[in-house]
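The data block below is structure-v9.pdb; it holds PDB, C-alpha atoms and all ligand atoms.
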ATOM      1  CA  MET A 297       3.418  33.060  -8.616  1.00  0.00           C
ATOM      2  CA  LYS A 298       0.059  34.735  -9.054  1.00  0.00           C
ATOM      3  CA  ASP A 299      -1.112  36.558 -12.147  1.00  0.00           C
ATOM      4  CA  ILE A 300      -2.764  39.842 -12.869  1.00  0.00           C
ATOM      5  CA  PHE A 301      -4.954  40.538 -15.914  1.00  0.00           C
ATOM      6  CA  PHE A 302      -4.174  43.890 -17.495  1.00  0.00           C
ATOM      7  CA  GLN A 303      -5.060  45.270 -20.931  1.00  0.00           C
ATOM      8  CA  GLY A 304      -5.446  41.869 -22.526  1.00  0.00           C
ATOM      9  CA  ARG A 305      -2.414  40.295 -20.923  1.00  0.00           C
ATOM     10  CA  LYS A 306      -2.047  37.838 -18.078  1.00  0.00           C
ATOM     11  CA  ILE A 307       0.990  39.113 -16.237  1.00  0.00           C
ATOM     12  CA  PRO A 308       2.889  37.232 -13.492  1.00  0.00           C
ATOM     13  CA  LEU A 309       2.805  39.166 -10.233  1.00  0.00           C
ATOM     14  CA  LYS A 310       6.004  39.431  -8.195  1.00  0.00           C
ATOM     15  CA  ILE A 311       5.970  40.742  -4.661  1.00  0.00           C
ATOM     16  CA  ASP A 312       8.803  42.790  -3.246  1.00  0.00           C
ATOM     17  CA  TYR A 313       8.870  43.189   0.550  1.00  0.00           C
ATOM     18  CA  GLN A 314      10.359  46.411   1.800  1.00  0.00           C
ATOM     19  CA  PRO A 315      10.468  48.531   4.967  1.00  0.00           C
ATOM     20  CA  GLN A 316       8.407  51.435   3.582  1.00  0.00           C
ATOM     21  CA  LYS A 317       4.805  51.613   4.690  1.00  0.00           C
ATOM     22  CA  ARG A 318       3.619  52.756   1.280  1.00  0.00           C
ATOM     23  CA  SER A 319       2.570  50.010  -1.147  1.00  0.00           C
ATOM     24  CA  ARG A 320       2.932  50.241  -4.907  1.00  0.00           C
ATOM     25  CA  LEU A 321       2.088  48.283  -8.006  1.00  0.00           C
ATOM     26  CA  GLU A 322       3.999  48.747 -11.252  1.00  0.00           C
ATOM     27  CA  ILE A 323       3.469  47.095 -14.604  1.00  0.00           C
ATOM     28  CA  HIS A 324       6.705  46.137 -16.347  1.00  0.00           C
ATOM     29  CA  GLN A 325       7.260  44.487 -19.706  1.00  0.00           C
ATOM     30  CA  ASP A 326       6.913  40.857 -18.568  1.00  0.00           C
ATOM     31  CA  TYR A 327       5.769  41.094 -14.994  1.00  0.00           C
ATOM     32  CA  ALA A 328       3.924  43.219 -12.472  1.00  0.00           C
ATOM     33  CA  LEU A 329       5.739  44.255  -9.313  1.00  0.00           C
ATOM     34  CA  ALA A 330       3.919  44.883  -6.052  1.00  0.00           C
ATOM     35  CA  SER A 331       5.956  46.512  -3.295  1.00  0.00           C
ATOM     36  CA  LEU A 332       4.505  45.725   0.094  1.00  0.00           C
ATOM     37  CA  CYS A 333       5.656  46.459   3.619  1.00  0.00           C
ATOM     38  CA  TYR A 334       7.263  43.316   5.069  1.00  0.00           C
ATOM     39  CA  ASP A 335       5.423  43.439   8.384  1.00  0.00           C
ATOM     40  CA  LEU A 336       1.916  42.972   6.953  1.00  0.00           C
ATOM     41  CA  THR A 337      -0.068  39.887   7.869  1.00  0.00           C
ATOM     42  CA  SER A 338      -1.148  37.711   4.963  1.00  0.00           C
ATOM     43  CA  LYS A 339      -4.682  39.072   5.288  1.00  0.00           C
ATOM     44  CA  GLN A 340      -3.365  42.656   5.109  1.00  0.00           C
ATOM     45  CA  GLN A 341      -1.226  41.713   2.120  1.00  0.00           C
ATOM     46  CA  LYS A 342      -4.267  40.408   0.311  1.00  0.00           C
ATOM     47  CA  GLU A 343      -6.174  43.593   1.114  1.00  0.00           C
ATOM     48  CA  GLN A 344      -3.290  45.768  -0.063  1.00  0.00           C
ATOM     49  CA  LEU A 345      -2.990  43.832  -3.319  1.00  0.00           C
ATOM     50  CA  SER A 346      -6.686  44.195  -3.909  1.00  0.00           C
ATOM     51  CA  ILE A 347      -6.541  47.977  -3.289  1.00  0.00           C
ATOM     52  CA  LEU A 348      -3.493  48.327  -5.547  1.00  0.00           C
ATOM     53  CA  GLN A 349      -5.140  46.399  -8.353  1.00  0.00           C
ATOM     54  CA  GLU A 350      -8.299  48.475  -8.076  1.00  0.00           C
ATOM     55  CA  LYS A 351      -6.267  51.703  -8.236  1.00  0.00           C
ATOM     56  CA  LEU A 352      -4.380  50.456 -11.283  1.00  0.00           C
ATOM     57  CA  TYR A 353      -7.644  49.519 -12.997  1.00  0.00           C
ATOM     58  CA  GLN A 354      -9.264  52.813 -12.066  1.00  0.00           C
ATOM     59  CA  VAL A 355      -6.460  54.953 -13.501  1.00  0.00           C
ATOM     60  CA  SER A 356      -6.277  52.824 -16.650  1.00  0.00           C
ATOM     61  CA  VAL A 357     -10.023  52.621 -17.340  1.00  0.00           C
ATOM     62  CA  LYS A 358     -10.575  56.338 -16.699  1.00  0.00           C
ATOM     63  CA  LYS A 359      -7.860  57.225 -19.190  1.00  0.00           C
ATOM     64  CA  VAL A 360      -9.112  54.882 -21.933  1.00  0.00           C
ATOM     65  CA  VAL A 361     -12.763  55.902 -21.425  1.00  0.00           C
ATOM     66  CA  GLN A 362     -12.005  59.621 -21.416  1.00  0.00           C
ATOM     67  CA  GLU A 363      -9.801  59.429 -24.501  1.00  0.00           C
ATOM     68  CA  THR A 364     -12.281  57.267 -26.413  1.00  0.00           C
ATOM     69  CA  LEU A 365     -15.281  59.417 -25.457  1.00  0.00           C
ATOM     70  CA  ALA A 366     -13.406  62.551 -26.532  1.00  0.00           C
ATOM     71  CA  LEU A 367     -12.857  60.998 -29.972  1.00  0.00           C
ATOM     72  CA  LEU A 368     -16.480  59.890 -30.264  1.00  0.00           C
ATOM     73  CA  GLN A 369     -17.718  63.313 -29.156  1.00  0.00           C
ATOM     74  CA  HIS A 370     -15.536  64.877 -31.785  1.00  0.00           C
ATOM     75  CA  HIS A 371     -17.028  62.756 -34.589  1.00  0.00           C
ATOM     76  CA  ALA A 372     -20.636  62.578 -33.425  1.00  0.00           C
ATOM     77  CA  PRO A 373     -21.387  64.823 -30.447  1.00  0.00           C
ATOM     78  CA  ARG A 374     -23.876  63.617 -27.869  1.00  0.00           C
ATOM     79  CA  ARG A 375     -24.649  65.060 -24.483  1.00  0.00           C
ATOM     80  CA  ILE A 376     -23.050  63.191 -21.589  1.00  0.00           C
ATOM     81  CA  ASP A 377     -23.847  64.389 -18.082  1.00  0.00           C
ATOM     82  CA  LYS A 378     -22.057  61.822 -16.006  1.00  0.00           C
ATOM     83  CA  VAL A 379     -19.496  59.058 -16.430  1.00  0.00           C
ATOM     84  CA  ARG A 380     -19.068  56.671 -13.518  1.00  0.00           C
ATOM     85  CA  PHE A 381     -16.531  53.940 -12.880  1.00  0.00           C
ATOM     86  CA  LYS A 382     -17.281  51.151 -10.485  1.00  0.00           C
ATOM     87  CA  LYS A 383     -16.980  47.473  -9.732  1.00  0.00           C
ATOM     88  CA  MET A 384     -19.830  45.613 -11.368  1.00  0.00           C
ATOM     89  CA  THR A 385     -20.417  41.902 -11.212  1.00  0.00           C
ATOM     90  CA  SER A 386     -22.483  41.197 -14.291  1.00  0.00           C
ATOM     91  CA  ARG A 387     -22.002  44.011 -16.774  1.00  0.00           C
ATOM     92  CA  TRP A 388     -19.146  45.721 -18.558  1.00  0.00           C
ATOM     93  CA  GLY A 389     -21.015  48.974 -18.845  1.00  0.00           C
ATOM     94  CA  SER A 390     -24.383  50.639 -19.052  1.00  0.00           C
ATOM     95  CA  ALA A 391     -26.022  53.760 -20.426  1.00  0.00           C
ATOM     96  CA  SER A 392     -29.107  55.495 -19.148  1.00  0.00           C
ATOM     97  CA  ALA A 393     -31.645  57.821 -20.673  1.00  0.00           C
ATOM     98  CA  ASN A 394     -30.505  60.666 -18.417  1.00  0.00           C
ATOM     99  CA  HIS A 395     -27.247  60.848 -20.386  1.00  0.00           C
ATOM    100  CA  SER A 396     -25.040  58.980 -17.980  1.00  0.00           C
ATOM    101  CA  LEU A 397     -22.604  56.180 -18.705  1.00  0.00           C
ATOM    102  CA  ASN A 398     -21.229  53.586 -16.299  1.00  0.00           C
ATOM    103  CA  PHE A 399     -18.178  51.437 -16.809  1.00  0.00           C
ATOM    104  CA  ASN A 400     -16.922  48.394 -14.960  1.00  0.00           C
ATOM    105  CA  LEU A 401     -13.381  48.751 -13.566  1.00  0.00           C
ATOM    106  CA  ASP A 402     -12.662  45.258 -14.897  1.00  0.00           C
ATOM    107  CA  LEU A 403     -12.561  46.793 -18.375  1.00  0.00           C
ATOM    108  CA  ALA A 404      -8.864  47.268 -17.576  1.00  0.00           C
ATOM    109  CA  LYS A 405      -8.436  43.495 -17.961  1.00  0.00           C
ATOM    110  CA  LEU A 406      -9.419  43.583 -21.632  1.00  0.00           C
ATOM    111  CA  PRO A 407      -7.375  44.382 -24.750  1.00  0.00           C
ATOM    112  CA  LEU A 408      -7.631  48.060 -25.676  1.00  0.00           C
ATOM    113  CA  LYS A 409      -9.676  47.491 -28.829  1.00  0.00           C
ATOM    114  CA  VAL A 410     -12.218  45.465 -26.827  1.00  0.00           C
ATOM    115  CA  GLN A 411     -12.403  48.186 -24.176  1.00  0.00           C
ATOM    116  CA  GLN A 412     -13.003  50.688 -26.967  1.00  0.00           C
ATOM    117  CA  TYR A 413     -15.739  48.487 -28.413  1.00  0.00           C
ATOM    118  CA  ILE A 414     -17.541  48.481 -25.031  1.00  0.00           C
ATOM    119  CA  ILE A 415     -17.220  52.265 -24.735  1.00  0.00           C
ATOM    120  CA  ILE A 416     -18.560  52.637 -28.287  1.00  0.00           C
ATOM    121  CA  HIS A 417     -21.399  50.235 -27.466  1.00  0.00           C
ATOM    122  CA  GLU A 418     -22.502  52.320 -24.476  1.00  0.00           C
ATOM    123  CA  TYR A 419     -22.022  55.608 -26.325  1.00  0.00           C
ATOM    124  CA  SER A 420     -24.185  54.294 -29.162  1.00  0.00           C
ATOM    125  CA  HIS A 421     -26.972  53.744 -26.639  1.00  0.00           C
ATOM    126  CA  LEU A 422     -27.121  57.536 -26.269  1.00  0.00           C
ATOM    127  CA  PHE A 423     -28.397  57.489 -29.875  1.00  0.00           C
ATOM    128  CA  GLU A 424     -30.459  54.298 -29.680  1.00  0.00           C
ATOM    129  CA  MET A 425     -31.644  52.996 -26.317  1.00  0.00           C
ATOM    130  CA  ASN A 426     -32.082  49.429 -27.590  1.00  0.00           C
ATOM    131  CA  HIS A 427     -30.294  46.744 -29.589  1.00  0.00           C
ATOM    132  CA  SER A 428     -32.126  47.376 -32.842  1.00  0.00           C
ATOM    133  CA  LYS A 429     -30.635  47.291 -36.299  1.00  0.00           C
ATOM    134  CA  ALA A 430     -30.232  51.057 -36.131  1.00  0.00           C
ATOM    135  CA  PHE A 431     -28.243  50.633 -32.936  1.00  0.00           C
ATOM    136  CA  TRP A 432     -25.796  48.157 -34.500  1.00  0.00           C
ATOM    137  CA  ASN A 433     -25.471  50.435 -37.525  1.00  0.00           C
ATOM    138  CA  THR A 434     -24.365  53.216 -35.206  1.00  0.00           C
ATOM    139  CA  VAL A 435     -21.893  50.885 -33.472  1.00  0.00           C
ATOM    140  CA  SER A 436     -20.434  49.772 -36.794  1.00  0.00           C
ATOM    141  CA  LYS A 437     -19.886  53.388 -37.881  1.00  0.00           C
ATOM    142  CA  PHE A 438     -17.669  53.940 -34.850  1.00  0.00           C
ATOM    143  CA  ASP A 439     -16.141  50.449 -34.859  1.00  0.00           C
ATOM    144  CA  PRO A 440     -16.227  48.615 -38.206  1.00  0.00           C
ATOM    145  CA  HIS A 441     -14.640  45.582 -36.446  1.00  0.00           C
ATOM    146  CA  TYR A 442     -17.179  45.384 -33.665  1.00  0.00           C
ATOM    147  CA  ARG A 443     -18.202  41.796 -34.484  1.00  0.00           C
ATOM    148  CA  GLU A 444     -14.642  40.598 -34.079  1.00  0.00           C
ATOM    149  CA  ASN A 445     -14.261  42.562 -30.842  1.00  0.00           C
ATOM    150  CA  ARG A 446     -17.490  41.106 -29.462  1.00  0.00           C
ATOM    151  CA  ARG A 447     -16.271  37.625 -30.294  1.00  0.00           C
ATOM    152  CA  ILE A 448     -12.999  38.245 -28.442  1.00  0.00           C
ATOM    153  CA  LEU A 449     -14.964  39.644 -25.493  1.00  0.00           C
ATOM    154  CA  ARG A 450     -17.192  36.549 -25.284  1.00  0.00           C
ATOM    155  CA  SER A 451     -14.190  34.208 -25.332  1.00  0.00           C
ATOM    156  CA  LEU A 452     -12.367  36.272 -22.675  1.00  0.00           C
ATOM    157  CA  GLU A 453     -15.467  36.215 -20.469  1.00  0.00           C
ATOM    158  CA  LYS A 454     -15.313  32.425 -20.558  1.00  0.00           C
ATOM    159  CA  GLN A 455     -11.628  32.465 -19.705  1.00  0.00           C
ATOM    160  CA  PHE A 456     -12.109  34.870 -16.774  1.00  0.00           C
ATOM    161  CA  HIS A 457     -14.932  32.756 -15.499  1.00  0.00           C
ATOM    162  CA  GLN A 458     -12.900  29.543 -15.634  1.00  0.00           C
ATOM    163  CA  GLU A 459      -9.870  31.153 -14.073  1.00  0.00           C
ATOM    164  CA  LYS A 460     -11.711  32.976 -11.364  1.00  0.00           C
ATOM    165  CA  ASN A 461     -10.144  30.879  -8.635  1.00  0.00           C
ATOM    166  CA  LEU A 462      -6.689  31.390 -10.090  1.00  0.00           C
ATOM    167  CA  GLN A 463      -6.883  35.119  -9.855  1.00  0.00           C
ATOM    168  CA  PRO A 464      -4.726  36.575  -7.115  1.00  0.00           C
ATOM    169  CA  ILE A 465      -7.119  39.227  -5.947  1.00  0.00           C
TER     170      ILE A 465
HETATM  171 ZN    ZN B   1     -26.232  47.368 -25.153  1.00  0.00          ZN
END

Spit out the file's structure as structure tokens when you get a sec.
Ligand SMILES: [Zn+2]
Amino acid sequence: MKDIFFQGRKIPLKIDYQPQKRSRLEIHQDYALASLCYDLTSKQQKEQLSILQEKLYQVSVKKVVQETLALLQHHAPRRIDKVRFKKMTSRWGSASANHSLNFNLDLAKLPLKVQQYIIIHEYSHLFEMNHSKAFWNTVSKFDPHYRENRRILRSLEKQFHQEKNLQPI
């Protein structure tokens, strides 16, 4: 059985073959269930699984980012013109001087508090466009446990890297 990373958990993926054309992916307590049409080729199955995972990640990341940004805006307002979500290979997120924030869809793989740390990190760049002491002070105001969350992030990055070939999609 293959696995899917979601919100800090590695969840076994079960596949249910059914006559309906429409594919679905649901996260249950101990497993993820993908419903796929039985007459797909294995290449089409792989494509469908990849699309389903991306949709799941998109919905999840958008929700967490929007909720976290709303909280941050409430405590320390900062202008944000654009928030984008996309697949990125080397970064979890980025912020630019023209008030836009970008987030990697793979954020959905991480535990919620680590996702929030990354969102806080990028939001803090709207105050300080560097990694100066002032920047980390801003981060620590929003997330007093940011060091711990960074440590978890670094160790998960290693794990994802090692398990890359084991990932289903
Ligand atoms: Zn940074």

Subject >> Nearby polymer residues, ligand ZN 1 (chain B), at most 9 Å, all atoms listed in the file, as a PyMOL selection string >> reply: chain A and resi 389-391+414+417-418+420-421+425-427+431

Subject >> All residues 12 Å or closer to A:Asp402, all atoms listed in the file, same chain fewer than 4 positions away omitted, as a VMD selection string >> reply: chain A and resid 300 to 304 349 to 358 381 to 389 406 to 407 410 to 411 414 452 to 453 456

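This file gives the following result for the PyMOL selection byres (((chain A and resi 313) around 6) and not hetatm): Asp312, Gln314, Ser331, Leu332, Cys333 and Tyr334 of chain A.
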
Original post:
So how many Å separate atom CA of A:Gln362 and atom CA of A:Lys454, to one decimal?
Top reply: 27.4 Å

Which neighbours of A:Arg374 fall inside 9 Å, counting all atoms listed in the file, when residues of the same chain fewer than 5 positions from it are skipped, and could you give them as a compact mmCIF listing (two decimals) with C-alpha atoms, in the coordinates of the input?
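Generated file (out-v7.txt):
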# COMPACT_ATOMS: atom_id res chain seq x y z
CA LEU A 368 -16.48 59.89 -30.26
CA GLN A 369 -17.72 63.31 -29.16
CA HIS A 395 -27.25 60.85 -20.39
CA TYR A 419 -22.02 55.61 -26.32
CA LEU A 422 -27.12 57.54 -26.27
CA PHE A 423 -28.40 57.49 -29.88

**OP:** Return as a PyMOL selection string the set of residues that the PyMOL selection byres (((chain A and resi 327) around 10) and not hetatm) yields on the displayed structure.
**Re:** chain A and resi 299-300+306-310+322-326+328-330

Please dump the current selection as a JSON list (two decimals), in the frame of the given file; keep C-alpha atoms.
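Result file selection06.json:
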[["chain", "number", "residue", "atom", "x", "y", "z"],
["A", 299, "ASP", "CA", -1.11, 36.56, -12.15],
["A", 300, "ILE", "CA", -2.76, 39.84, -12.87],
["A", 306, "LYS", "CA", -2.05, 37.84, -18.08],
["A", 307, "ILE", "CA", 0.99, 39.11, -16.24],
["A", 308, "PRO", "CA", 2.89, 37.23, -13.49],
["A", 309, "LEU", "CA", 2.80, 39.17, -10.23],
["A", 310, "LYS", "CA", 6.00, 39.43, -8.20],
["A", 322, "GLU", "CA", 4.00, 48.75, -11.25],
["A", 323, "ILE", "CA", 3.47, 47.10, -14.60],
["A", 324, "HIS", "CA", 6.70, 46.14, -16.35],
["A", 325, "GLN", "CA", 7.26, 44.49, -19.71],
["A", 326, "ASP", "CA", 6.91, 40.86, -18.57],
["A", 328, "ALA", "CA", 3.92, 43.22, -12.47],
["A", 329, "LEU", "CA", 5.74, 44.26, -9.31],
["A", 330, "ALA", "CA", 3.92, 44.88, -6.05]]

Original post:
Care to translate the PyMOL selection byres (((chain A and resi 376) around 8) and not hetatm) into actual residues of this file, as a count of residues only?
Top reply: 8

**OP:** Might you pull out every residue within 8 Å of A:Arg446, with all atoms listed in the file counted and same-chain residues fewer than 4 positions away left off, and present them as a PyMOL selection string?
**Re:** chain A and resi 410+413+442+450
